$ cat structure_34.cif   # mmCIF, C-alpha atoms
data_structure
#
loop_
_atom_site.label_atom_id
_atom_site.label_comp_id
_atom_site.auth_asym_id
_atom_site.auth_seq_id
_atom_site.Cartn_x
_atom_site.Cartn_y
_atom_site.Cartn_z
CA MET A 1 25.84 8.22 19.22
CA GLN A 2 23.52 5.99 21.11
CA ASN A 3 24.07 2.42 20.11
CA GLU A 4 21.54 -0.37 19.86
CA GLN A 5 22.05 -1.67 23.36
CA GLU A 6 21.71 1.77 24.97
CA VAL A 7 18.36 2.63 23.40
CA LYS A 8 16.56 -0.65 22.79
CA GLY A 9 13.78 -1.57 25.19
CA GLN A 10 13.44 1.84 26.87
CA PRO A 11 9.82 3.03 27.34
CA ILE A 12 8.74 5.13 24.38
CA PRO A 13 6.81 8.37 25.12
CA GLY A 14 3.30 8.58 23.72
CA TRP A 15 4.07 11.66 21.64
CA ILE A 16 6.87 9.82 19.78
CA THR A 17 4.46 6.98 19.04
CA PHE A 18 2.02 9.56 17.66
CA LEU A 19 4.78 11.15 15.57
CA LEU A 20 5.76 7.78 14.08
CA ALA A 21 2.11 6.89 13.37
CA ALA A 22 1.44 10.25 11.72
CA SER A 23 4.70 9.97 9.77
CA CYS A 24 3.79 6.56 8.36
CA GLY A 25 0.34 7.79 7.32
CA ILE A 26 1.65 10.94 5.63
CA ILE A 27 4.42 9.04 3.84
CA VAL A 28 2.43 6.06 2.58
CA ALA A 29 -0.37 8.33 1.31
CA ASN A 30 1.96 9.39 -1.50
CA LEU A 31 1.50 5.96 -3.09
CA TYR A 32 -2.25 6.50 -3.50
CA TYR A 33 -2.85 10.18 -4.26
CA ALA A 34 -2.69 9.62 -8.02
CA GLN A 35 -5.27 6.81 -8.09
CA THR A 36 -8.27 9.16 -8.21
CA LEU A 37 -6.39 11.77 -10.28
CA VAL A 38 -5.35 9.67 -13.29
CA GLY A 39 -7.85 11.47 -15.53
CA PRO A 40 -6.66 15.07 -15.02
CA ILE A 41 -3.00 14.06 -14.71
CA SER A 42 -3.00 12.10 -17.98
CA ALA A 43 -4.80 14.99 -19.72
CA ALA A 44 -2.30 17.55 -18.41
CA THR A 45 0.82 15.51 -19.22
CA GLY A 46 -0.29 14.16 -22.60
CA LEU A 47 -0.53 10.56 -21.46
CA SER A 48 -2.97 8.44 -23.45
CA SER A 49 -5.98 6.90 -21.71
CA ALA A 50 -4.56 3.41 -22.36
CA ALA A 51 -1.33 4.36 -20.55
CA ALA A 52 -3.02 6.26 -17.70
CA GLY A 53 -2.58 3.30 -15.37
CA LEU A 54 1.19 3.77 -15.59
CA ILE A 55 0.85 6.78 -13.27
CA VAL A 56 0.04 4.42 -10.41
CA THR A 57 2.05 1.46 -11.71
CA ILE A 58 5.38 3.32 -11.87
CA THR A 59 4.93 4.58 -8.30
CA GLN A 60 4.29 1.04 -7.08
CA ILE A 61 7.28 -0.33 -9.02
CA GLY A 62 9.48 2.23 -7.27
CA TYR A 63 8.02 1.16 -3.93
CA VAL A 64 8.67 -2.53 -4.65
CA LEU A 65 12.31 -1.84 -5.56
CA GLY A 66 12.66 0.23 -2.41
CA LEU A 67 11.30 -2.65 -0.32
CA LEU A 68 13.81 -5.03 -1.86
CA PHE A 69 16.92 -2.84 -1.96
CA ILE A 70 16.51 0.10 0.47
CA VAL A 71 14.62 -1.36 3.46
CA PRO A 72 17.30 -4.06 4.04
CA LEU A 73 19.78 -1.20 4.55
CA SER A 74 18.06 -0.51 7.88
CA ASP A 75 19.84 -3.62 9.20
CA ILE A 76 23.28 -2.16 8.48
CA ILE A 77 22.91 1.67 8.30
CA GLU A 78 21.95 4.13 11.03
CA ASN A 79 18.15 4.26 10.78
CA ARG A 80 17.41 7.93 11.35
CA ARG A 81 19.88 9.05 8.69
CA LEU A 82 18.52 6.49 6.20
CA ALA A 83 14.94 7.68 6.82
CA VAL A 84 15.77 11.37 6.43
CA VAL A 85 17.80 10.89 3.22
CA SER A 86 14.96 8.84 1.72
CA LEU A 87 12.45 11.55 2.65
CA ILE A 88 14.58 14.20 0.95
CA VAL A 89 14.33 12.12 -2.23
CA VAL A 90 10.54 12.09 -1.83
CA VAL A 91 10.41 15.88 -1.40
CA ILE A 92 12.46 16.47 -4.57
CA ALA A 93 10.27 14.03 -6.52
CA LEU A 94 7.04 15.63 -5.25
CA VAL A 95 8.27 19.10 -6.25
CA ALA A 96 9.13 17.75 -9.70
CA ALA A 97 5.66 16.16 -10.02
CA THR A 98 4.11 19.53 -9.15
CA PHE A 99 5.77 21.45 -11.98
CA VAL A 100 6.56 19.06 -14.86
CA HIS A 101 4.32 19.00 -17.93
CA HIS A 102 5.79 16.07 -19.86
CA ALA A 103 4.53 12.52 -19.26
CA ALA A 104 7.99 10.92 -19.13
CA LEU A 105 9.19 13.43 -16.51
CA PHE A 106 6.06 12.97 -14.41
CA LEU A 107 6.43 9.18 -14.51
CA THR A 108 10.10 9.51 -13.49
CA ALA A 109 9.06 11.67 -10.53
CA SER A 110 6.39 9.08 -9.64
CA PHE A 111 9.03 6.35 -9.58
CA PHE A 112 11.16 8.23 -7.05
CA ILE A 113 8.08 9.09 -4.96
CA GLY A 114 7.47 5.36 -4.61
CA LEU A 115 11.14 4.53 -4.06
CA GLY A 116 11.56 6.99 -1.19
CA SER A 117 8.21 6.25 0.43
CA VAL A 118 9.51 2.92 1.73
CA VAL A 119 10.56 4.97 4.77
CA ALA A 120 7.20 3.88 6.21
CA GLN A 121 8.47 0.28 6.24
CA ILE A 122 11.63 1.42 8.03
CA LEU A 123 9.73 3.33 10.73
CA VAL A 124 7.37 0.48 11.68
CA PRO A 125 10.14 -1.93 12.82
CA TYR A 126 12.01 1.11 14.20
CA ALA A 127 9.04 1.64 16.54
CA THR A 128 9.33 -1.95 17.79
CA TYR A 129 13.00 -1.33 18.44
CA LEU A 130 12.29 1.78 20.54
CA ALA A 131 9.45 0.26 22.58
CA SER A 132 9.86 -1.72 25.77
CA GLU A 133 8.68 -5.34 25.83
CA GLU A 134 5.58 -4.40 27.85
CA GLN A 135 4.36 -1.76 25.40
CA ARG A 136 5.60 -3.20 22.09
CA GLY A 137 2.28 -4.60 20.89
CA ARG A 138 0.39 -1.40 21.67
CA VAL A 139 3.04 0.78 20.01
CA VAL A 140 3.11 -1.29 16.83
CA GLY A 141 -0.70 -1.30 16.70
CA ASN A 142 -0.81 2.49 17.00
CA VAL A 143 1.86 3.02 14.34
CA MET A 144 0.14 0.60 11.94
CA SER A 145 -3.15 2.43 12.56
CA GLY A 146 -1.52 5.63 11.35
CA LEU A 147 -0.22 3.87 8.26
CA LEU A 148 -3.65 2.40 7.44
CA LEU A 149 -5.35 5.79 7.95
CA GLY A 150 -2.92 7.29 5.45
CA ILE A 151 -3.85 4.63 2.89
CA MET A 152 -7.60 4.99 3.51
CA PHE A 153 -7.87 8.77 3.36
CA SER A 154 -5.29 9.50 0.63
CA ARG A 155 -7.70 9.03 -2.27
CA PRO A 156 -10.59 11.20 -1.00
CA LEU A 157 -8.20 13.87 0.29
CA ALA A 158 -6.49 14.01 -3.11
CA SER A 159 -9.81 14.38 -4.93
CA PHE A 160 -11.15 17.04 -2.55
CA THR A 161 -7.90 19.04 -2.78
CA ALA A 162 -7.80 18.75 -6.57
CA SER A 163 -11.40 19.94 -6.84
CA PHE A 164 -10.48 23.24 -5.15
CA TRP A 165 -6.93 23.96 -6.30
CA GLY A 166 -6.15 21.50 -9.10
CA TRP A 167 -4.29 18.19 -9.03
CA ARG A 168 -0.82 19.80 -8.84
CA SER A 169 -1.68 21.26 -5.43
CA VAL A 170 -1.91 17.71 -4.01
CA PHE A 171 1.77 17.06 -4.74
CA ALA A 172 2.81 20.58 -3.64
CA ILE A 173 1.09 20.24 -0.25
CA SER A 174 2.55 16.77 0.23
CA ALA A 175 6.06 18.11 -0.57
CA VAL A 176 5.69 20.68 2.22
CA LEU A 177 4.40 18.08 4.69
CA ILE A 178 7.22 15.63 3.92
CA ALA A 179 9.82 18.41 4.20
CA VAL A 180 8.52 19.40 7.64
CA LEU A 181 8.38 15.75 8.62
CA SER A 182 12.01 15.13 7.62
CA VAL A 183 13.15 18.04 9.80
CA LEU A 184 11.10 16.80 12.77
CA LEU A 185 12.37 13.23 12.49
CA SER A 186 15.99 14.35 12.13
CA ARG A 187 15.74 16.41 15.34
CA ILE A 188 13.49 14.25 17.51
CA LEU A 189 14.16 10.58 16.82
CA PRO A 190 17.08 8.92 18.65
CA LYS A 191 19.81 7.46 16.51
CA ARG A 192 19.92 3.72 16.03
CA MET A 193 23.04 2.02 14.69
CA PRO A 194 22.21 -1.66 14.11
CA SER A 195 24.63 -4.46 14.85
CA ARG A 196 26.19 -5.26 11.51
CA ALA A 197 25.98 -9.05 11.28
CA MET A 198 26.32 -9.17 7.46
CA ASN A 199 27.14 -6.88 4.59
CA TYR A 200 24.64 -5.49 2.07
CA GLY A 201 25.37 -8.14 -0.55
CA GLU A 202 24.80 -10.97 1.91
CA LEU A 203 21.65 -9.27 3.16
CA THR A 204 20.05 -8.99 -0.28
CA LEU A 205 21.12 -12.49 -1.33
CA SER A 206 19.48 -13.88 1.80
CA LEU A 207 16.13 -12.69 0.44
CA VAL A 208 16.31 -15.31 -2.30
CA THR A 209 17.05 -18.05 0.24
CA LEU A 210 14.20 -16.95 2.48
CA PHE A 211 11.77 -16.97 -0.43
CA LYS A 212 12.79 -20.50 -1.45
CA GLN A 213 12.67 -21.90 2.08
CA THR A 214 9.39 -20.35 3.27
CA PRO A 215 6.32 -21.85 1.56
CA VAL A 216 3.93 -19.91 3.83
CA LEU A 217 5.47 -16.67 2.55
CA ARG A 218 5.09 -17.69 -1.10
CA ARG A 219 1.46 -18.72 -0.64
CA ARG A 220 0.34 -15.71 1.40
CA ALA A 221 2.18 -13.34 -0.93
CA PHE A 222 0.40 -14.78 -3.98
CA TYR A 223 -2.99 -14.52 -2.25
CA GLN A 224 -2.43 -10.86 -1.40
CA ALA A 225 -0.84 -10.00 -4.76
CA SER A 226 -3.95 -11.28 -6.55
CA LEU A 227 -6.34 -9.38 -4.29
CA PHE A 228 -4.24 -6.21 -4.25
CA GLY A 229 -3.95 -6.41 -8.04
CA ALA A 230 -7.75 -6.43 -8.26
CA PHE A 231 -7.90 -3.57 -5.74
CA SER A 232 -5.44 -1.43 -7.73
CA LEU A 233 -7.21 -2.23 -11.00
CA PHE A 234 -10.52 -1.09 -9.48
CA TRP A 235 -9.24 2.18 -8.03
CA THR A 236 -7.29 3.05 -11.19
CA ALA A 237 -10.28 2.55 -13.51
CA VAL A 238 -13.27 3.53 -11.35
CA PRO A 239 -12.48 7.31 -11.29
CA LEU A 240 -12.50 7.26 -15.09
CA HIS A 241 -15.75 5.27 -15.09
CA LEU A 242 -17.39 7.61 -12.56
CA ALA A 243 -16.48 10.67 -14.63
CA ASP A 244 -17.52 9.15 -17.98
CA GLU A 245 -20.65 7.24 -16.98
CA PHE A 246 -22.01 9.29 -14.08
CA GLY A 247 -20.50 12.71 -14.83
CA LEU A 248 -18.97 12.98 -11.36
CA SER A 249 -16.58 15.84 -10.60
CA GLN A 250 -13.44 15.43 -8.51
CA GLN A 251 -15.55 16.19 -5.42
CA GLY A 252 -18.02 13.47 -6.38
CA ILE A 253 -15.19 11.00 -6.91
CA ALA A 254 -13.79 12.03 -3.53
CA TRP A 255 -17.09 11.22 -1.79
CA PHE A 256 -17.14 7.85 -3.56
CA ALA A 257 -13.60 7.10 -2.37
CA LEU A 258 -14.48 8.22 1.15
CA ALA A 259 -17.39 5.79 1.22
CA GLY A 260 -15.00 2.99 0.25
CA VAL A 261 -13.00 3.67 3.42
CA GLY A 262 -15.73 1.81 5.32
CA GLY A 263 -14.23 -1.47 4.12
CA ALA A 264 -11.23 -0.96 6.41
CA VAL A 265 -13.38 -2.06 9.36
CA ALA A 266 -12.59 -5.63 8.30
CA ALA A 267 -8.90 -5.35 9.29
CA PRO A 268 -9.20 -5.39 13.12
CA ILE A 269 -12.06 -7.90 12.97
CA ALA A 270 -9.98 -10.26 10.82
CA GLY A 271 -7.08 -9.97 13.24
CA ARG A 272 -9.19 -10.88 16.27
CA LEU A 273 -10.89 -13.81 14.52
CA ALA A 274 -7.54 -15.08 13.22
CA ASP A 275 -6.33 -15.29 16.84
CA LYS A 276 -9.23 -17.69 17.42
CA GLY A 277 -8.08 -20.01 14.62
CA TRP A 278 -10.25 -18.71 11.78
CA THR A 279 -7.38 -17.83 9.42
CA ARG A 280 -8.10 -20.40 6.72
CA ARG A 281 -11.86 -19.77 6.63
CA LEU A 282 -11.40 -15.99 6.55
CA THR A 283 -8.83 -16.27 3.76
CA GLY A 284 -11.28 -18.17 1.57
CA LEU A 285 -14.05 -15.73 2.50
CA ALA A 286 -11.89 -12.74 1.48
CA MET A 287 -11.27 -14.24 -1.97
CA VAL A 288 -14.95 -15.08 -2.49
CA LEU A 289 -15.96 -11.58 -1.35
CA ALA A 290 -13.49 -9.92 -3.75
CA THR A 291 -14.71 -12.08 -6.64
CA LEU A 292 -18.36 -11.28 -5.90
CA SER A 293 -17.55 -7.56 -5.60
CA PHE A 294 -16.19 -7.47 -9.13
CA LEU A 295 -18.96 -9.72 -10.41
CA LEU A 296 -21.45 -7.19 -9.06
CA ALA A 297 -19.52 -4.37 -10.73
CA PHE A 298 -19.54 -6.32 -14.01
CA LEU A 299 -23.30 -6.82 -13.91
CA LEU A 300 -24.05 -3.16 -13.15
CA GLN A 301 -25.16 -1.32 -16.28
CA GLY A 302 -26.50 2.19 -16.75
CA HIS A 303 -25.93 5.42 -14.88
CA SER A 304 -28.81 5.56 -12.41
CA ARG A 305 -28.47 6.44 -8.74
CA ALA A 306 -29.22 2.82 -7.80
CA VAL A 307 -26.34 1.58 -9.97
CA LEU A 308 -24.01 4.13 -8.37
CA LEU A 309 -25.04 3.03 -4.86
CA LEU A 310 -24.41 -0.62 -5.74
CA LEU A 311 -21.00 0.37 -7.10
CA VAL A 312 -20.25 1.99 -3.73
CA LEU A 313 -21.23 -1.29 -2.08
CA ALA A 314 -18.85 -3.18 -4.39
CA ALA A 315 -16.05 -0.76 -3.43
CA ILE A 316 -16.70 -1.30 0.29
CA THR A 317 -16.79 -5.09 0.07
CA LEU A 318 -13.66 -5.17 -2.12
CA ASP A 319 -11.81 -3.00 0.42
CA MET A 320 -13.02 -5.32 3.20
CA ALA A 321 -11.63 -8.36 1.38
CA VAL A 322 -8.25 -6.79 0.65
CA SER A 323 -7.66 -5.16 4.06
CA GLY A 324 -8.84 -8.26 5.93
CA ASN A 325 -6.63 -10.61 3.91
CA LEU A 326 -3.65 -8.29 4.40
CA VAL A 327 -3.96 -8.64 8.18
CA LEU A 328 -4.26 -12.42 7.85
CA GLY A 329 -1.14 -12.55 5.66
CA GLN A 330 0.94 -10.35 7.95
CA ARG A 331 -0.14 -12.35 10.97
CA ALA A 332 0.98 -15.56 9.23
CA ILE A 333 4.36 -14.02 8.37
CA TYR A 334 4.91 -12.65 11.89
CA SER A 335 3.94 -16.02 13.39
CA LEU A 336 6.90 -17.73 11.73
CA GLY A 337 9.00 -16.67 14.70
CA ASN A 338 12.09 -16.21 12.56
CA GLU A 339 14.93 -13.79 13.29
CA ALA A 340 14.54 -12.65 9.67
CA ARG A 341 11.01 -11.41 10.30
CA GLY A 342 11.77 -7.95 8.89
CA ARG A 343 13.09 -9.34 5.61
CA LEU A 344 10.19 -11.78 5.38
CA ASN A 345 7.75 -8.90 5.76
CA GLY A 346 9.68 -6.91 3.15
CA LEU A 347 9.46 -9.81 0.70
CA PHE A 348 5.75 -10.27 1.41
CA MET A 349 5.01 -6.60 0.81
CA SER A 350 7.17 -6.29 -2.29
CA ILE A 351 5.47 -9.29 -3.92
CA PHE A 352 1.94 -8.09 -3.27
CA PHE A 353 2.85 -4.57 -4.45
CA MET A 354 4.04 -6.17 -7.69
CA GLY A 355 0.51 -7.50 -7.98
CA GLY A 356 -0.75 -3.98 -7.37
CA ALA A 357 1.52 -2.57 -10.09
CA ILE A 358 0.24 -5.14 -12.57
CA GLY A 359 -3.37 -4.45 -11.57
CA SER A 360 -3.10 -0.67 -11.96
CA SER A 361 -1.44 -1.10 -15.36
CA LEU A 362 -4.22 -3.46 -16.45
CA GLY A 363 -6.82 -1.01 -15.15
CA GLY A 364 -5.86 1.82 -17.48
CA TRP A 365 -5.31 -0.49 -20.46
CA SER A 366 -8.52 -2.51 -20.06
CA TYR A 367 -10.71 0.56 -19.54
CA ALA A 368 -9.32 2.21 -22.67
CA HIS A 369 -9.82 -0.91 -24.81
CA GLY A 370 -13.01 -2.45 -23.45
CA GLY A 371 -14.62 -0.03 -21.04
CA TRP A 372 -15.90 -0.82 -17.57
CA SER A 373 -17.29 -4.26 -18.48
CA PHE A 374 -13.91 -5.51 -19.70
CA THR A 375 -12.13 -4.02 -16.68
CA SER A 376 -14.49 -5.56 -14.14
CA LEU A 377 -14.26 -8.92 -15.93
CA ILE A 378 -10.47 -8.92 -15.50
CA GLY A 379 -11.00 -7.85 -11.90
CA THR A 380 -13.20 -10.88 -11.34
CA VAL A 381 -10.51 -13.23 -12.67
CA LEU A 382 -7.71 -12.05 -10.34
CA PRO A 383 -9.22 -13.09 -6.96
CA LEU A 384 -10.66 -16.17 -8.65
CA LEU A 385 -7.10 -17.29 -9.47
CA ALA A 386 -6.17 -16.85 -5.81
CA LEU A 387 -9.21 -18.87 -4.79
CA LEU A 388 -8.24 -21.74 -7.09
CA TYR A 389 -4.73 -21.74 -5.59
CA PHE A 390 -6.25 -21.58 -2.11
CA PHE A 391 -8.04 -24.90 -2.77
CA THR A 392 -4.62 -26.59 -3.11
CA GLU A 393 -3.57 -25.50 0.41
CA LYS A 394 -4.24 -28.80 2.18
CA LYS A 395 -2.69 -30.87 -0.60
CA SER A 396 0.49 -28.77 -0.51
CA GLY A 397 1.14 -29.71 3.12
CA VAL A 398 1.71 -26.07 4.09
CA ASN A 399 0.62 -25.50 7.69
CA ASN A 400 -2.07 -22.88 8.02
CA ILE A 401 -0.87 -20.26 10.50
#

$ encode --input "structure_34.cif" --output "structure tokens"
Amino acid sequence: MQNEQEVKGQPIPGWITFLLAASCGIIVANLYYAQTLVGPISAATGLSSAAAGLIVTITQIGYVLGLLFIVPLSDIIENRRLAVVSLIVVVIALVAATFVHHAALFLTASFFIGLGSVVAQILVPYATYLASEEQRGRVVGNVMSGLLLGIMFSRPLASFTASFWGWRSVFAISAVLIAVLSVLLSRILPKRMPSRAMNYGELTLSLVTLFKQTPVLRRRAFYQASLFGAFSLFWTAVPLHLADEFGLSQQGIAWFALAGVGGAVAAPIAGRLADKGWTRRLTGLAMVLATLSFLLAFLLQGHSRAVLLLLVLAAITLDMAVSGNLVLGQRAIYSLGNEARGRLNGLFMSIFFMGGAIGSSLGGWSYAHGGWSFTSLIGTVLPLLALLYFFTEKKSGVNNI
């Protein structure tokens, strides 16, 4: 077996970079397929409309637990084996989601889909390990681009596929893709056995210490949790709203979700402007933009074409706020220059995915009990809370990175 010293820093071929980027996109997409399918899935499994948000929430809870308790294993267990075993869990869960008809069984499968999909957060630092110093930034950028593309296109792809072959086909096709991917990764990727500086217990306990001793992490995680909670609430409830209010089919919902992808243009722009010292201003702007997006959605009444177009605009600006703020948060975490950078990133992501789980749960519940107006009102409050906390930044003495 190649050890860490033998492999680290060698130039990585372009086709392996492409494989890692594609892998991250295909894997992370599993977290988002169900967001535009909550209506047909809840109807098929007997889940009430109030509990429909659990379909997304349970997946995100599994992902959070994986970030906290599986990703740290990459510091003490051979990485390729850990990735492949986790992908096998995803395949089994996807097959189960394809065939089960009971709500409890589907939610259980969703949990394990989220739990195993943390492989994406193992492969990103794995790419940095494989790359030489000269190409590391480019490699990481390419791999992260694949991951972001998976997030952006998962919702419209799920809706388009479901419109032709039904929602179960989405999970069946993904199971095949992940199975092929696990075989490719097991045969192509070099082994990486990390230097074991601490045991698993010490590794997980260190997360608590890092959280207590890193105020930048706590602040940036809360910002992103609030915005991602609003994002998840929106994309859990809006497919139901589009079907009920505008009579859109799965194809129509897919086109709506595809239009929302335009908001991802904010991510690279935010990164470049943050390098010029605009982090604090852009953070405040992201929160204001998210608040205004939901305020617009709250004010929109009726089912005319103009209202639908304005709702598309709200989706785009909300996606811009969330994707832009994510880049700002990750940049702040990476700029800490700590040897625990991987664990800090894992904590950051697990906290903001908790916000996403809460938001998706609130989305189904609020839509069932108060309709779109109640849902968009809650969505307005979430980024507003982050904005109020943001105003305390200077008083807290936390350096803006």

$ closest_atom_pairs --input "structure_34.cif" --of "stretch 164-188 of chain A" --to "stretch 20-26 of chain A" --cutoff "9 Å" --atoms "all atoms listed in the file" --output "JSON lines"
{"residue": "A:Ser174", "atom": "CA", "partner": "A:Ile26", "partner_atom": "CA", "distance": 8.0}
{"residue": "A:Leu177", "atom": "CA", "partner": "A:Ile26", "partner_atom": "CA", "distance": 7.7}
{"residue": "A:Ile178", "atom": "CA", "partner": "A:Ile26", "partner_atom": "CA", "distance": 7.5}
{"residue": "A:Leu181", "atom": "CA", "partner": "A:Ser23", "partner_atom": "CA", "distance": 6.9}
{"residue": "A:Leu185", "atom": "CA", "partner": "A:Leu20", "partner_atom": "CA", "distance": 8.7}

$ resolve_selection --input "structure_34.cif" --expression "the PyMOL selection byres ((chain A and resi 314) around 12)" --output "ChimeraX atom specification"
/A:231,234-235,238,256-257,259-263,289-300,307-313,315-321,376,379-380

$ resolve_selection --input "structure_34.cif" --expression "the PyMOL selection byres ((chain A and resi 79) around 9)" --output "list of chain:residue names"
A:Leu73, A:Ser74, A:Asp75, A:Ile76, A:Ile77, A:Glu78, A:Arg80, A:Arg81, A:Leu82, A:Ala83, A:Val84, A:Ile122, A:Leu123, A:Tyr126, A:Lys191, A:Arg192, A:Met193, A:Pro194

$ atom_distance --input "structure_34.cif" --atom1 "atom CA of A:Pro156" --atom2 "atom CA of A:Ala254"
4.2 Å

$ atom_distance --input "structure_34.cif" --atom1 "atom CA of A:Ile88" --atom2 "atom CA of A:Ser232"
26.8 Å

$ atom_distance --input "structure_34.cif" --atom1 "atom CA of A:Ala127" --atom2 "atom CA of A:Ile173"
26.3 Å

$ closest_residue --input "structure_34.cif" --among "A:Leu54, A:Ala264, A:Val85, A:Ala162" --to "A:Ala104" --atoms "all atoms listed in the file"
A:Leu54

$ closest_residue --input "structure_34.cif" --among "A:Ile358, A:Leu31, A:Val119, A:Ile55" --to "A:Ile70" --atoms "all atoms listed in the file"
A:Val119

$ build_atoms --input "structure_34.cif" --residues "stretch 374-388 of chain A" --atoms "N, CA and C atoms" --output "PDB file, in the coordinates of the input"
ATOM      1  N   PHE A 374     -15.149  -4.755 -19.503  1.00  0.00           N
ATOM      2  CA  PHE A 374     -13.910  -5.510 -19.700  1.00  0.00           C
ATOM      3  C   PHE A 374     -13.028  -5.420 -18.464  1.00  0.00           C
ATOM      4  N   THR A 375     -12.947  -4.223 -17.882  1.00  0.00           N
ATOM      5  CA  THR A 375     -12.130  -4.020 -16.680  1.00  0.00           C
ATOM      6  C   THR A 375     -12.634  -4.848 -15.506  1.00  0.00           C
ATOM      7  N   SER A 376     -13.937  -4.818 -15.273  1.00  0.00           N
ATOM      8  CA  SER A 376     -14.490  -5.560 -14.140  1.00  0.00           C
ATOM      9  C   SER A 376     -14.418  -7.065 -14.366  1.00  0.00           C
ATOM     10  N   LEU A 377     -14.426  -7.493 -15.638  1.00  0.00           N
ATOM     11  CA  LEU A 377     -14.260  -8.920 -15.930  1.00  0.00           C
ATOM     12  C   LEU A 377     -12.861  -9.389 -15.545  1.00  0.00           C
ATOM     13  N   ILE A 378     -11.845  -8.597 -15.899  1.00  0.00           N
ATOM     14  CA  ILE A 378     -10.470  -8.920 -15.500  1.00  0.00           C
ATOM     15  C   ILE A 378     -10.353  -8.901 -13.976  1.00  0.00           C
ATOM     16  N   GLY A 379     -11.017  -7.927 -13.349  1.00  0.00           N
ATOM     17  CA  GLY A 379     -11.000  -7.850 -11.900  1.00  0.00           C
ATOM     18  C   GLY A 379     -11.617  -9.060 -11.229  1.00  0.00           C
ATOM     19  N   THR A 380     -12.588  -9.668 -11.876  1.00  0.00           N
ATOM     20  CA  THR A 380     -13.200 -10.880 -11.340  1.00  0.00           C
ATOM     21  C   THR A 380     -12.233 -12.063 -11.404  1.00  0.00           C
ATOM     22  N   VAL A 381     -11.427 -12.108 -12.457  1.00  0.00           N
ATOM     23  CA  VAL A 381     -10.510 -13.230 -12.670  1.00  0.00           C
ATOM     24  C   VAL A 381      -9.395 -13.262 -11.630  1.00  0.00           C
ATOM     25  N   LEU A 382      -8.875 -12.100 -11.238  1.00  0.00           N
ATOM     26  CA  LEU A 382      -7.710 -12.050 -10.340  1.00  0.00           C
ATOM     27  C   LEU A 382      -7.955 -12.734  -8.993  1.00  0.00           C
ATOM     28  N   PRO A 383      -8.994 -12.368  -8.227  1.00  0.00           N
ATOM     29  CA  PRO A 383      -9.220 -13.090  -6.960  1.00  0.00           C
ATOM     30  C   PRO A 383      -9.668 -14.531  -7.185  1.00  0.00           C
ATOM     31  N   LEU A 384     -10.265 -14.801  -8.351  1.00  0.00           N
ATOM     32  CA  LEU A 384     -10.660 -16.170  -8.650  1.00  0.00           C
ATOM     33  C   LEU A 384      -9.437 -17.068  -8.792  1.00  0.00           C
ATOM     34  N   LEU A 385      -8.358 -16.535  -9.375  1.00  0.00           N
ATOM     35  CA  LEU A 385      -7.100 -17.290  -9.470  1.00  0.00           C
ATOM     36  C   LEU A 385      -6.556 -17.606  -8.076  1.00  0.00           C
ATOM     37  N   ALA A 386      -6.620 -16.621  -7.188  1.00  0.00           N
ATOM     38  CA  ALA A 386      -6.170 -16.850  -5.810  1.00  0.00           C
ATOM     39  C   ALA A 386      -7.014 -17.915  -5.128  1.00  0.00           C
ATOM     40  N   LEU A 387      -8.313 -17.894  -5.393  1.00  0.00           N
ATOM     41  CA  LEU A 387      -9.210 -18.870  -4.790  1.00  0.00           C
ATOM     42  C   LEU A 387      -8.893 -20.286  -5.269  1.00  0.00           C
ATOM     43  N   LEU A 388      -8.602 -20.429  -6.552  1.00  0.00           N
ATOM     44  CA  LEU A 388      -8.240 -21.740  -7.090  1.00  0.00           C
ATOM     45  C   LEU A 388      -6.947 -22.253  -6.449  1.00  0.00           C
TER      46      LEU A 388
END
